$ cat data-v3.txt   # compact mmCIF, C-alpha atoms
# COMPACT_ATOMS: atom_id res chain seq x y z
CA MET U 7 18.06 -13.86 -20.14
CA SER U 8 14.79 -15.58 -21.10
CA GLU U 9 12.47 -14.06 -23.70
CA TYR U 10 9.99 -13.31 -20.89
CA ASP U 11 12.66 -11.39 -18.91
CA GLU U 12 13.54 -9.45 -22.08
CA VAL U 13 9.89 -8.43 -22.48
CA VAL U 14 9.65 -7.31 -18.85
CA ALA U 15 12.88 -5.28 -19.28
CA ALA U 16 11.64 -3.72 -22.55
CA LEU U 17 8.37 -2.68 -20.88
CA GLU U 18 10.19 -1.22 -17.87
CA GLN U 19 12.50 0.79 -20.16
CA ARG U 20 9.42 2.83 -21.05
CA GLY U 21 9.49 4.20 -17.49
CA PHE U 22 7.48 2.26 -14.94
CA THR U 23 6.11 5.41 -13.27
CA ARG U 24 6.12 7.78 -16.29
CA MET U 25 2.71 9.45 -16.63
CA VAL U 26 1.52 10.95 -19.91
CA PHE U 27 -2.20 11.63 -20.24
CA ASP U 28 -2.59 11.69 -24.01
CA LEU U 29 -5.06 9.27 -25.56
CA ARG U 30 -4.02 10.02 -29.16
CA LYS U 31 -1.10 7.59 -29.12
CA ILE U 32 -3.01 4.67 -27.59
CA LYS U 33 -5.93 5.36 -30.00
CA ASP U 34 -3.50 5.23 -32.94
CA LEU U 35 -2.01 2.00 -31.59
CA MET U 36 -5.47 0.45 -31.21
CA ASP U 37 -6.29 1.44 -34.81
CA VAL U 38 -3.19 -0.23 -36.25
CA LEU U 39 -3.86 -3.32 -34.09
CA GLY U 40 -7.34 -3.58 -35.66
CA SER U 41 -9.28 -2.23 -32.63
CA PRO U 42 -9.14 -5.37 -30.46
CA GLN U 43 -11.06 -3.51 -27.69
CA ARG U 44 -14.16 -3.57 -29.93
CA ALA U 45 -14.21 -7.39 -30.03
CA TYR U 46 -16.06 -7.84 -26.69
CA PRO U 47 -18.28 -5.91 -24.25
CA ALA U 48 -16.74 -4.46 -21.09
CA ILE U 49 -17.31 -3.33 -17.52
CA HIS U 50 -15.01 -0.37 -16.74
CA LEU U 51 -14.18 0.64 -13.14
CA THR U 52 -12.93 3.90 -11.68
CA GLY U 53 -12.91 5.48 -8.20
CA THR U 54 -10.34 6.26 -5.51
CA ASN U 55 -10.42 3.00 -3.52
CA GLY U 56 -11.74 -0.53 -3.93
CA LYS U 57 -11.31 -0.83 -7.71
CA THR U 58 -9.16 -3.97 -7.77
CA SER U 59 -11.20 -5.86 -5.15
CA THR U 60 -14.44 -4.93 -6.92
CA ALA U 61 -12.98 -5.95 -10.31
CA ARG U 62 -11.98 -9.34 -8.86
CA MET U 63 -15.52 -9.84 -7.48
CA ILE U 64 -17.12 -8.91 -10.82
CA ASP U 65 -14.77 -11.34 -12.58
CA ALA U 66 -15.63 -14.19 -10.16
CA LEU U 67 -19.39 -13.58 -10.54
CA LEU U 68 -19.19 -13.54 -14.35
CA ARG U 69 -17.17 -16.78 -14.35
CA ALA U 70 -19.72 -18.41 -12.03
CA HIS U 71 -22.26 -17.60 -14.78
CA GLY U 72 -20.16 -19.52 -17.30
CA LEU U 73 -18.57 -16.55 -19.10
CA HIS U 74 -14.95 -16.36 -20.30
CA THR U 75 -13.44 -13.25 -18.73
CA GLY U 76 -10.47 -10.97 -19.29
CA ARG U 77 -9.51 -8.78 -16.32
CA TYR U 78 -7.06 -5.87 -16.41
CA THR U 79 -5.97 -4.34 -13.07
CA SER U 80 -3.00 -2.40 -11.72
CA PRO U 81 -0.55 -2.08 -10.13
CA HIS U 82 0.77 -5.62 -9.78
CA LEU U 83 2.20 -7.10 -6.57
CA GLU U 84 4.79 -9.50 -7.98
CA THR U 85 4.80 -9.81 -11.78
CA VAL U 86 3.34 -7.91 -14.72
CA GLN U 87 1.35 -11.08 -15.57
CA GLU U 88 -1.06 -10.28 -12.70
CA ARG U 89 -2.29 -7.21 -14.61
CA ILE U 90 -3.77 -9.33 -17.41
CA SER U 91 -5.95 -12.23 -16.28
CA LEU U 92 -7.81 -14.72 -18.45
CA ASP U 93 -10.61 -16.68 -16.77
CA GLY U 94 -9.36 -15.54 -13.36
CA GLU U 95 -5.74 -16.65 -13.88
CA PRO U 96 -2.75 -14.38 -14.63
CA ILE U 97 -1.65 -14.61 -18.27
CA SER U 98 1.11 -17.20 -18.81
CA GLU U 99 4.68 -16.08 -19.52
CA GLU U 100 4.48 -17.63 -22.99
CA ARG U 101 1.23 -15.87 -23.87
CA LEU U 102 2.53 -12.56 -22.49
CA VAL U 103 5.60 -12.84 -24.73
CA ASP U 104 3.47 -13.70 -27.81
CA THR U 105 1.16 -10.74 -27.12
CA TYR U 106 4.10 -8.37 -26.66
CA ASN U 107 5.64 -9.58 -29.92
CA GLU U 108 2.37 -8.76 -31.72
CA VAL U 109 2.03 -5.30 -30.18
CA ALA U 110 5.68 -4.11 -30.04
CA PRO U 111 6.41 -3.63 -33.80
CA LEU U 112 3.23 -1.55 -34.19
CA ALA U 113 4.02 0.40 -31.01
CA ALA U 114 7.42 1.23 -32.56
CA LEU U 115 5.60 2.77 -35.55
CA ILE U 116 3.53 4.98 -33.22
CA ASP U 117 6.63 5.91 -31.17
CA ALA U 118 8.43 6.99 -34.38
CA ARG U 119 5.58 9.41 -35.22
CA ASN U 120 5.62 11.12 -31.81
CA SER U 121 8.07 13.16 -29.77
CA GLU U 122 7.43 10.95 -26.71
CA PRO U 123 7.05 7.16 -26.75
CA LEU U 124 4.06 5.19 -25.46
CA THR U 125 4.23 4.60 -21.68
CA TYR U 126 4.54 1.30 -19.78
CA PHE U 127 0.82 1.59 -18.96
CA ASP U 128 -0.12 2.31 -22.60
CA MET U 129 1.72 -0.87 -23.61
CA THR U 130 0.23 -3.15 -20.95
CA THR U 131 -3.25 -1.77 -21.78
CA ALA U 132 -2.79 -2.50 -25.49
CA MET U 133 -1.44 -5.96 -24.63
CA ALA U 134 -4.43 -6.69 -22.38
CA TYR U 135 -6.95 -5.66 -25.04
CA SER U 136 -5.11 -7.73 -27.67
CA ALA U 137 -4.84 -10.79 -25.41
CA PHE U 138 -8.59 -10.56 -24.63
CA ALA U 139 -9.45 -10.46 -28.36
CA ASP U 140 -7.14 -13.40 -29.11
CA ALA U 141 -8.43 -15.57 -26.23
CA PRO U 142 -11.29 -14.75 -27.07
CA VAL U 143 -13.13 -13.52 -23.96
CA ASP U 144 -16.90 -13.00 -23.58
CA ILE U 145 -16.36 -9.86 -21.49
CA ALA U 146 -13.52 -7.64 -20.25
CA VAL U 147 -13.39 -6.24 -16.70
CA VAL U 148 -11.11 -3.21 -16.83
CA GLU U 149 -9.77 -1.07 -13.99
CA VAL U 150 -8.70 2.49 -14.76
CA GLY U 151 -5.02 3.22 -14.04
CA LEU U 152 -5.51 6.80 -12.88
CA GLY U 153 -8.48 9.14 -13.25
CA GLY U 154 -10.71 8.07 -16.11
CA GLU U 155 -11.30 10.42 -19.03
CA ASP U 156 -7.63 10.63 -20.11
CA ASP U 157 -6.64 7.17 -18.89
CA ALA U 158 -5.30 4.78 -21.56
CA THR U 159 -7.99 2.21 -20.68
CA ASN U 160 -10.72 4.66 -21.77
CA VAL U 161 -10.44 3.64 -25.44
CA ILE U 162 -12.73 0.74 -24.42
CA GLU U 163 -16.01 2.78 -24.21
CA ALA U 164 -17.68 0.23 -21.93
CA GLY U 165 -21.42 -0.40 -21.66
CA VAL U 166 -21.24 -0.59 -17.84
CA ALA U 167 -19.27 2.07 -15.92
CA VAL U 168 -18.58 1.45 -12.22
CA MET U 169 -17.75 4.24 -9.74
CA THR U 170 -16.23 3.05 -6.46
CA PRO U 171 -16.01 5.70 -3.66
CA ILE U 172 -14.26 8.89 -4.79
CA GLY U 173 -11.95 10.83 -2.46
CA LEU U 174 -8.86 13.05 -2.63
CA ASP U 175 -5.87 11.27 -4.19
CA HIS U 176 -3.49 11.95 -7.09
CA THR U 177 -4.37 15.66 -6.75
CA GLU U 178 -1.26 16.65 -8.76
CA TRP U 179 -2.84 15.03 -11.85
CA LEU U 180 -6.59 15.07 -11.26
CA GLY U 181 -7.29 18.38 -9.48
CA ASP U 182 -7.43 19.71 -5.93
CA THR U 183 -11.10 19.12 -5.16
CA ILE U 184 -13.30 16.04 -5.00
CA GLU U 185 -15.49 17.64 -7.68
CA ASP U 186 -12.53 18.01 -10.09
CA ILE U 187 -11.46 14.43 -9.42
CA ALA U 188 -15.04 13.17 -9.96
CA TRP U 189 -15.21 15.01 -13.31
CA ALA U 190 -12.00 13.26 -14.41
CA LYS U 191 -13.34 9.88 -13.33
CA ALA U 192 -16.82 10.42 -14.83
CA GLY U 193 -15.08 10.57 -18.22
CA ILE U 194 -15.43 6.77 -18.50
CA ILE U 195 -19.23 7.20 -18.86
CA HIS U 196 -20.00 6.87 -22.59
CA LYS U 197 -23.19 7.16 -24.64
CA GLY U 198 -26.03 4.95 -23.40
CA ALA U 199 -23.97 3.29 -20.64
CA THR U 200 -25.32 1.96 -17.37
CA VAL U 201 -23.57 3.60 -14.40
CA ILE U 202 -23.25 1.72 -11.09
CA SER U 203 -22.13 4.06 -8.33
CA ALA U 204 -21.09 3.35 -4.75
CA LEU U 205 -22.24 5.83 -2.10
CA GLN U 206 -20.58 9.18 -2.90
CA THR U 207 -20.38 12.58 -1.28
CA GLU U 208 -22.61 15.19 -2.87
CA GLU U 209 -19.65 16.92 -4.55
CA ALA U 210 -18.54 13.61 -6.14
CA MET U 211 -22.07 12.61 -7.19
CA ARG U 212 -22.88 15.84 -9.02
CA PRO U 213 -20.34 15.39 -11.87
CA ILE U 214 -21.36 11.71 -12.21
CA LEU U 215 -25.03 12.67 -12.63
CA GLU U 216 -24.26 15.57 -14.98
CA ARG U 217 -22.02 13.45 -17.20
CA SER U 218 -24.62 10.63 -17.17
CA ALA U 219 -27.38 13.03 -18.26
CA GLU U 220 -25.15 14.38 -21.04
CA MET U 221 -24.41 10.83 -22.27
CA GLY U 222 -27.96 9.49 -21.90
CA ALA U 223 -26.64 6.98 -19.35
CA THR U 224 -28.79 5.17 -16.75
CA VAL U 225 -27.60 5.50 -13.13
CA ALA U 226 -28.07 3.01 -10.26
CA ARG U 227 -26.87 4.20 -6.83
CA GLU U 228 -25.88 2.39 -3.67
CA GLY U 229 -28.43 3.26 -1.01
CA SER U 230 -31.34 3.62 -3.41
CA GLU U 231 -31.24 0.89 -6.11
CA PHE U 232 -28.86 -1.51 -4.36
CA GLY U 233 -26.77 -1.91 -1.20
CA VAL U 234 -25.72 -3.98 1.81
CA VAL U 235 -28.74 -5.09 3.88
CA GLU U 236 -26.83 -7.01 6.54
CA ARG U 237 -23.33 -8.22 7.29
CA ILE U 238 -22.31 -10.69 9.98
CA GLN U 239 -18.73 -11.63 10.86
CA ALA U 240 -17.88 -15.19 9.86
CA VAL U 241 -14.79 -17.37 10.14
CA GLY U 242 -12.42 -16.23 7.39
CA GLY U 243 -14.64 -13.38 6.18
CA GLN U 244 -18.25 -12.26 6.45
CA GLN U 245 -21.78 -13.36 5.58
CA LEU U 246 -23.83 -10.84 3.61
CA THR U 247 -27.38 -10.10 2.60
CA LEU U 248 -27.31 -7.80 -0.43
CA GLN U 249 -30.06 -5.81 -2.12
CA GLY U 250 -29.39 -6.14 -5.83
CA LEU U 251 -31.07 -4.40 -8.75
CA GLY U 252 -33.30 -7.47 -9.10
CA GLY U 253 -34.05 -8.31 -5.47
CA ILE U 254 -32.52 -9.69 -2.28
CA TYR U 255 -29.57 -12.11 -2.31
CA ASP U 256 -28.93 -13.73 1.08
CA GLU U 257 -26.46 -16.09 2.78
CA ILE U 258 -23.54 -14.88 0.67
CA PHE U 259 -20.15 -15.80 2.13
CA LEU U 260 -17.41 -13.33 1.20
CA PRO U 261 -13.90 -14.46 2.23
CA LEU U 262 -12.69 -10.85 2.73
CA PHE U 263 -12.81 -8.60 5.80
CA GLY U 264 -14.36 -5.20 6.44
CA ALA U 265 -17.45 -3.10 5.73
CA HIS U 266 -15.65 -1.65 2.69
CA GLN U 267 -15.46 -5.12 1.11
CA ALA U 268 -19.19 -5.65 1.74
CA GLN U 269 -19.80 -2.34 -0.07
CA ASN U 270 -17.53 -3.49 -2.93
CA ALA U 271 -19.59 -6.71 -3.11
CA ALA U 272 -22.86 -4.77 -3.45
CA VAL U 273 -21.35 -2.66 -6.25
CA ALA U 274 -19.94 -5.76 -8.01
CA LEU U 275 -23.29 -7.57 -7.84
CA ALA U 276 -25.17 -4.57 -9.30
CA ALA U 277 -22.61 -4.27 -12.12
CA VAL U 278 -23.02 -7.93 -13.06
CA GLU U 279 -26.81 -7.68 -12.83
CA ALA U 280 -26.71 -4.64 -15.15
CA PHE U 281 -24.49 -6.50 -17.62
CA LEU U 282 -26.54 -9.72 -17.58
CA GLY U 283 -29.86 -7.86 -17.86
CA ALA U 284 -31.20 -8.52 -14.37
CA GLY U 285 -33.26 -5.75 -12.80
CA LYS U 286 -36.78 -5.03 -11.64
CA ASP U 287 -38.23 -8.42 -10.59
CA LYS U 288 -35.56 -10.34 -12.54
CA GLN U 289 -32.84 -11.80 -10.35
CA LEU U 290 -29.64 -13.68 -11.05
CA GLU U 291 -29.58 -17.29 -9.90
CA LEU U 292 -28.79 -17.14 -6.17
CA GLU U 293 -26.59 -20.27 -6.11
CA LEU U 294 -24.36 -18.87 -8.88
CA VAL U 295 -24.02 -15.54 -7.02
CA ARG U 296 -23.06 -17.41 -3.82
CA GLU U 297 -20.58 -19.56 -5.73
CA GLY U 298 -18.97 -16.50 -7.38
CA PHE U 299 -18.49 -14.56 -4.14
CA ALA U 300 -17.16 -17.62 -2.27
CA ARG U 301 -14.31 -17.84 -4.83
CA VAL U 302 -13.10 -14.26 -4.43
CA ASP U 303 -9.66 -13.39 -3.14
CA SER U 304 -7.88 -10.03 -3.11
CA PRO U 305 -4.15 -10.26 -2.38
CA GLY U 306 -2.71 -7.40 -0.35
CA ARG U 307 -6.10 -6.36 1.07
CA LEU U 308 -5.99 -7.30 4.77
CA GLU U 309 -4.28 -10.48 3.61
CA ARG U 310 -3.04 -12.75 6.38
CA VAL U 311 0.39 -14.13 5.40
CA ARG U 312 1.63 -15.48 8.77
CA SER U 313 0.25 -16.50 12.12
CA ALA U 314 1.88 -16.47 15.61
CA PRO U 315 2.17 -13.55 15.47
CA THR U 316 -0.44 -12.74 12.83
CA ILE U 317 1.02 -10.68 9.97
CA LEU U 318 -1.48 -8.78 7.80
CA LEU U 319 -0.74 -6.89 4.57
CA ASP U 320 -2.90 -3.99 3.42
CA GLY U 321 -2.18 -1.66 0.51
CA ALA U 322 -4.01 1.38 2.01
CA HIS U 323 -2.22 4.44 0.60
CA ASN U 324 -4.66 7.30 1.25
CA PRO U 325 -6.81 8.32 4.25
CA HIS U 326 -10.01 6.79 2.79
CA GLY U 327 -8.29 3.41 2.33
CA MET U 328 -6.60 3.56 5.74
CA ALA U 329 -9.88 4.41 7.50
CA ALA U 330 -11.45 1.30 5.91
CA ALA U 331 -8.48 -0.92 6.88
CA VAL U 332 -8.34 0.38 10.47
CA SER U 333 -12.06 -0.06 10.99
CA ALA U 334 -11.88 -3.65 9.64
CA VAL U 335 -8.90 -4.45 11.90
CA GLU U 336 -10.76 -3.14 14.97
CA GLU U 337 -14.01 -4.85 14.13
CA GLU U 338 -12.87 -8.24 12.83
CA PHE U 339 -9.63 -9.08 14.65
CA HIS U 340 -9.71 -7.69 18.23
CA PHE U 341 -5.91 -7.64 18.60
CA ARG U 342 -4.54 -6.86 22.07
CA HIS U 343 -1.33 -5.45 20.64
CA LEU U 344 -0.70 -4.28 17.07
CA VAL U 345 2.62 -3.12 15.61
CA ALA U 346 2.46 -1.30 12.26
CA VAL U 347 5.19 -1.34 9.61
CA VAL U 348 4.78 1.69 7.35
CA ALA U 349 6.49 2.82 4.14
CA VAL U 350 4.75 5.37 1.92
CA LEU U 351 5.14 7.27 -1.33
CA GLY U 352 6.19 10.88 -0.83
CA ASP U 353 3.25 12.40 -2.73
CA LYS U 354 0.57 11.02 -0.37
CA ASP U 355 -1.27 12.55 2.61
CA VAL U 356 1.08 10.80 5.03
CA SER U 357 -0.02 12.68 8.16
CA GLY U 358 -3.63 11.74 7.32
CA LEU U 359 -2.63 8.04 7.11
CA LEU U 360 -0.65 8.11 10.37
CA ASP U 361 -3.41 9.96 12.27
CA LEU U 362 -5.83 7.13 11.41
CA LEU U 363 -3.33 4.42 12.33
CA GLU U 364 -2.28 5.94 15.67
CA PRO U 365 -5.27 4.85 17.82
CA VAL U 366 -4.94 1.15 16.82
CA ALA U 367 -1.15 0.68 16.63
CA ALA U 368 0.76 0.41 19.91
CA ARG U 369 4.07 0.87 18.05
CA ILE U 370 5.12 1.87 14.53
CA VAL U 371 8.20 0.81 12.56
CA VAL U 372 8.92 3.19 9.68
CA THR U 373 10.96 2.17 6.64
CA GLN U 374 11.24 2.71 2.89
CA ASN U 375 9.82 0.66 0.03
CA SER U 376 11.45 -0.08 -3.34
CA SER U 377 9.72 2.74 -5.25
CA PRO U 378 11.87 5.68 -6.41
CA ARG U 379 8.96 7.80 -5.07
CA SER U 380 9.28 6.35 -1.54
CA MET U 381 9.25 9.06 1.16
CA PRO U 382 12.77 9.59 2.60
CA LEU U 383 13.12 7.76 5.91
CA ASN U 384 14.07 10.83 7.98
CA GLU U 385 10.92 12.68 6.76
CA LEU U 386 8.64 9.74 7.53
CA ALA U 387 10.28 9.21 10.94
CA GLN U 388 9.70 12.89 11.81
CA LEU U 389 6.01 12.75 10.81
CA ALA U 390 5.54 9.50 12.76
CA THR U 391 7.26 10.95 15.85
CA ASP U 392 5.00 14.04 15.72
CA ILE U 393 1.91 11.80 15.78
CA PHE U 394 2.97 8.72 17.81
CA GLY U 395 5.61 10.24 20.12
CA GLU U 396 9.28 9.28 20.10
CA ASP U 397 8.96 6.22 22.38
CA ARG U 398 6.50 4.48 20.01
CA VAL U 399 8.51 4.96 16.78
CA THR U 400 11.28 2.67 15.52
CA VAL U 401 13.25 3.41 12.35
CA ALA U 402 14.48 0.54 10.12
CA GLU U 403 16.59 1.11 7.00
CA THR U 404 15.18 -1.81 4.99
CA MET U 405 11.95 -3.77 4.71
CA PRO U 406 13.47 -7.07 6.01
CA ASP U 407 14.81 -5.20 9.08
CA ALA U 408 11.46 -3.47 9.60
CA ILE U 409 9.50 -6.73 9.54
CA GLU U 410 11.98 -8.45 11.88
CA GLU U 411 11.89 -5.47 14.27
CA ALA U 412 8.07 -5.40 14.25
CA VAL U 413 7.82 -9.13 15.01
CA VAL U 414 10.27 -8.72 17.92
CA LEU U 415 8.26 -5.77 19.29
CA ALA U 416 4.99 -7.70 18.94
CA GLU U 417 6.42 -10.76 20.68
CA GLU U 418 8.02 -8.73 23.48
CA ASP U 419 4.59 -7.51 24.48
CA SER U 420 2.93 -10.91 24.18
CA SER U 421 4.22 -12.28 27.52
CA GLY U 422 4.56 -15.60 25.72
CA GLU U 423 0.90 -15.50 24.60
CA LEU U 424 0.90 -14.89 20.83
CA SER U 425 -2.84 -14.85 20.28
CA GLY U 426 -4.09 -11.30 19.99
CA VAL U 427 -0.71 -9.98 18.86
CA ALA U 428 -0.19 -8.80 15.28
CA VAL U 429 1.88 -6.90 12.73
CA LEU U 430 0.15 -4.81 10.04
CA ILE U 431 2.31 -3.87 7.02
CA THR U 432 0.76 -0.96 5.14
CA GLY U 433 1.08 2.48 3.51
CA SER U 434 1.41 1.59 -0.17
CA VAL U 435 0.80 -1.21 -2.67
CA VAL U 436 4.59 -1.15 -3.25
CA THR U 437 5.15 -1.71 0.49
CA VAL U 438 2.81 -4.71 0.39
CA ALA U 439 4.51 -6.09 -2.74
CA ASP U 440 7.96 -5.79 -1.11
CA ALA U 441 6.77 -7.48 2.10
CA ARG U 442 4.87 -10.18 0.22
CA LYS U 443 8.02 -11.22 -1.66
CA LEU U 444 9.81 -11.69 1.67
CA LEU U 445 6.96 -13.36 3.57
CA LYS U 446 5.52 -15.64 0.86
CA ARG U 447 8.81 -17.47 0.33

$ encode --input "data-v3.txt" --output "structure tokens"
Amino acid sequence: MSEYDEVVAALEQRGFTRMVFDLRKIKDLMDVLGSPQRAYPAIHLTGTNGKTSTARMIDALLRAHGLHTGRYTSPHLETVQERISLDGEPISEERLVDTYNEVAPLAALIDARNSEPLTYFDMTTAMAYSAFADAPVDIAVVEVGLGGEDDATNVIEAGVAVMTPIGLDHTEWLGDTIEDIAWAKAGIIHKGATVISALQTEEAMRPILERSAEMGATVAREGSEFGVVERIQAVGGQQLTLQGLGGIYDEIFLPLFGAHQAQNAAVALAAVEAFLGAGKDKQLELELVREGFARVDSPGRLERVRSAPTILLDGAHNPHGMAAAVSAVEEEFHFRHLVAVVAVLGDKDVSGLLDLLEPVAARIVVTQNSSPRSMPLNELAQLATDIFGEDRVTVAETMPDAIEEAVVLAEEDSSGELSGVAVLITGSVVTVADARKLLKR
């Protein structure tokens, strides 16, 4: 077993899905590490959907402006290295091992003082902040794991706080209403911060504004201070005109699909403007903005991994995310015949997901993903049958079988003509990760 594999195993022993919302332990760990998170400024992102794509856009824009970036996102698709990026590239195995070896002995001290050890997420957060300080980076772009106020990442106290759209998700941890969830997420707004918020419902916006007032934070909102002026479909993505905090930015090519990604781009641009000091009558250099957006990719977000038939992967795992994916599929791809492969986690609004998918998918193949939280196949099959009808539902025990079955179903309908025929694999980031491993070989 290589040293890298040992590190991955040691991290996973902490319980990959174990959730403990207690900032005291991570604060203590940061103190004994010498507060690496204070070594650089940060942009911190929360919200229900769009965080990772928006973080990747912010990262690309900052790099186009010549800054050294550290980016921390979750979950990962293939390896833990993806969570910690330096200058847009996942951390190397060697550097990950070195960082772990710095953090682990001090983490053991904190574990010894507490009844419950630090979590997997606590550890990767501490490793990210340490790696960024060692690099060193000019700025960190940090995505919240879950919620905001009690999330391990919140020891960063960032100068720019980004709110992507807030909806109902993770209700067992964050509360049953959008207002409760927004209060939890608004906890990343610290004293004197600049808040960049995507369009929100009134019940989500109220806590953001109240927390901002309490913290003396400045708020810029999509639809008033910034937004999408125009979007036109283009080959391999879309062309955008964006209203930024400092003016209009036109002819921006974004190599991602869907109105939701255009919205993410507007939020990302405003966040970078806020960080770099652009604003009223002071714009960023247009060519650098164009260059940054043209470099963006977002694996597992309507990612095309095969053609003939087209196979798309999308990590939509709640109704808000599925609505965005479905609308992008309808608008951008015009498939004649779409077969969906779906595996979901049991704690999600599965009927809500399937209701949104039903009008666009001719057939659905249900299966399970590799998560211990994956919904049992018989339960998912029953929900799918209730919504799609028995004749449109196929059950497959494993992901490889499900993909093979979906391709056969798509091709059967193609009458030999494979253009306009597609398979969409969706329902969870874990589902996408499992499929990606099989299809990217």

$ closest_residue --input "data-v3.txt" --among "U:Thr105, U:Thr200, U:Gln289, U:Ser80" --to "Val435 in chain U" --atoms "all atoms listed in the file"
U:Ser80

$ closest_residue --input "data-v3.txt" --among "U:Thr207, U:Thr131, U:Thr247, U:Ser434" --to "Leu29 in chain U" --atoms "only C-alpha atoms"
U:Thr131

$ residues_around --input "data-v3.txt" --residues "range 41-53 of chain U" --least-positions-apart "2" --cutoff "8 Å" --atoms "all atoms listed in the file" --output "JSON, numbers by chain"
{"U": [36, 37, 38, 39, 55, 56, 57, 61, 135, 136, 138, 139, 143, 144, 145, 146, 147, 148, 149, 150, 153, 154, 161, 162, 163, 164, 165, 166, 167, 168, 169, 170, 171, 172, 173, 191, 194, 277, 281]}

$ residues_near_point --input "data-v3.txt" --point "(12.0, 10.4, 6.3)" --cutoff "12 Å" --atoms "only C-alpha atoms" --output "PyMOL selection string"
chain U and resi 348-352+356+372-375+380-391+401-403

$ atom_distance --input "data-v3.txt" --atom1 "CA of Asp186 in chain U" --atom2 "CA of Leu215 in chain U"
13.8 Å

$ residues_around --input "data-v3.txt" --residues "Glu410 in chain U" --least-positions-apart "4" --cutoff "12 Å" --atoms "all atoms listed in the file" --output "list in words"
Pro315, Ile317, Val345, Ala346, Val347, Val371, Thr373, Thr400, Val401, Ala402, Glu403, Thr404, Met405, Pro406, Val414, Leu415, Ala416, Glu417, Val429, Ile431, Ala441, Leu444 and Leu445 of chain U

$ atom_distance --input "data-v3.txt" --atom1 "CA of Arg342 in chain U" --atom2 "CA of Ala271 in chain U"
29.3 Å

$ atom_distance --input "data-v3.txt" --atom1 "CA of Pro123 in chain U" --atom2 "CA of Glu18 in chain U"
12.6 Å
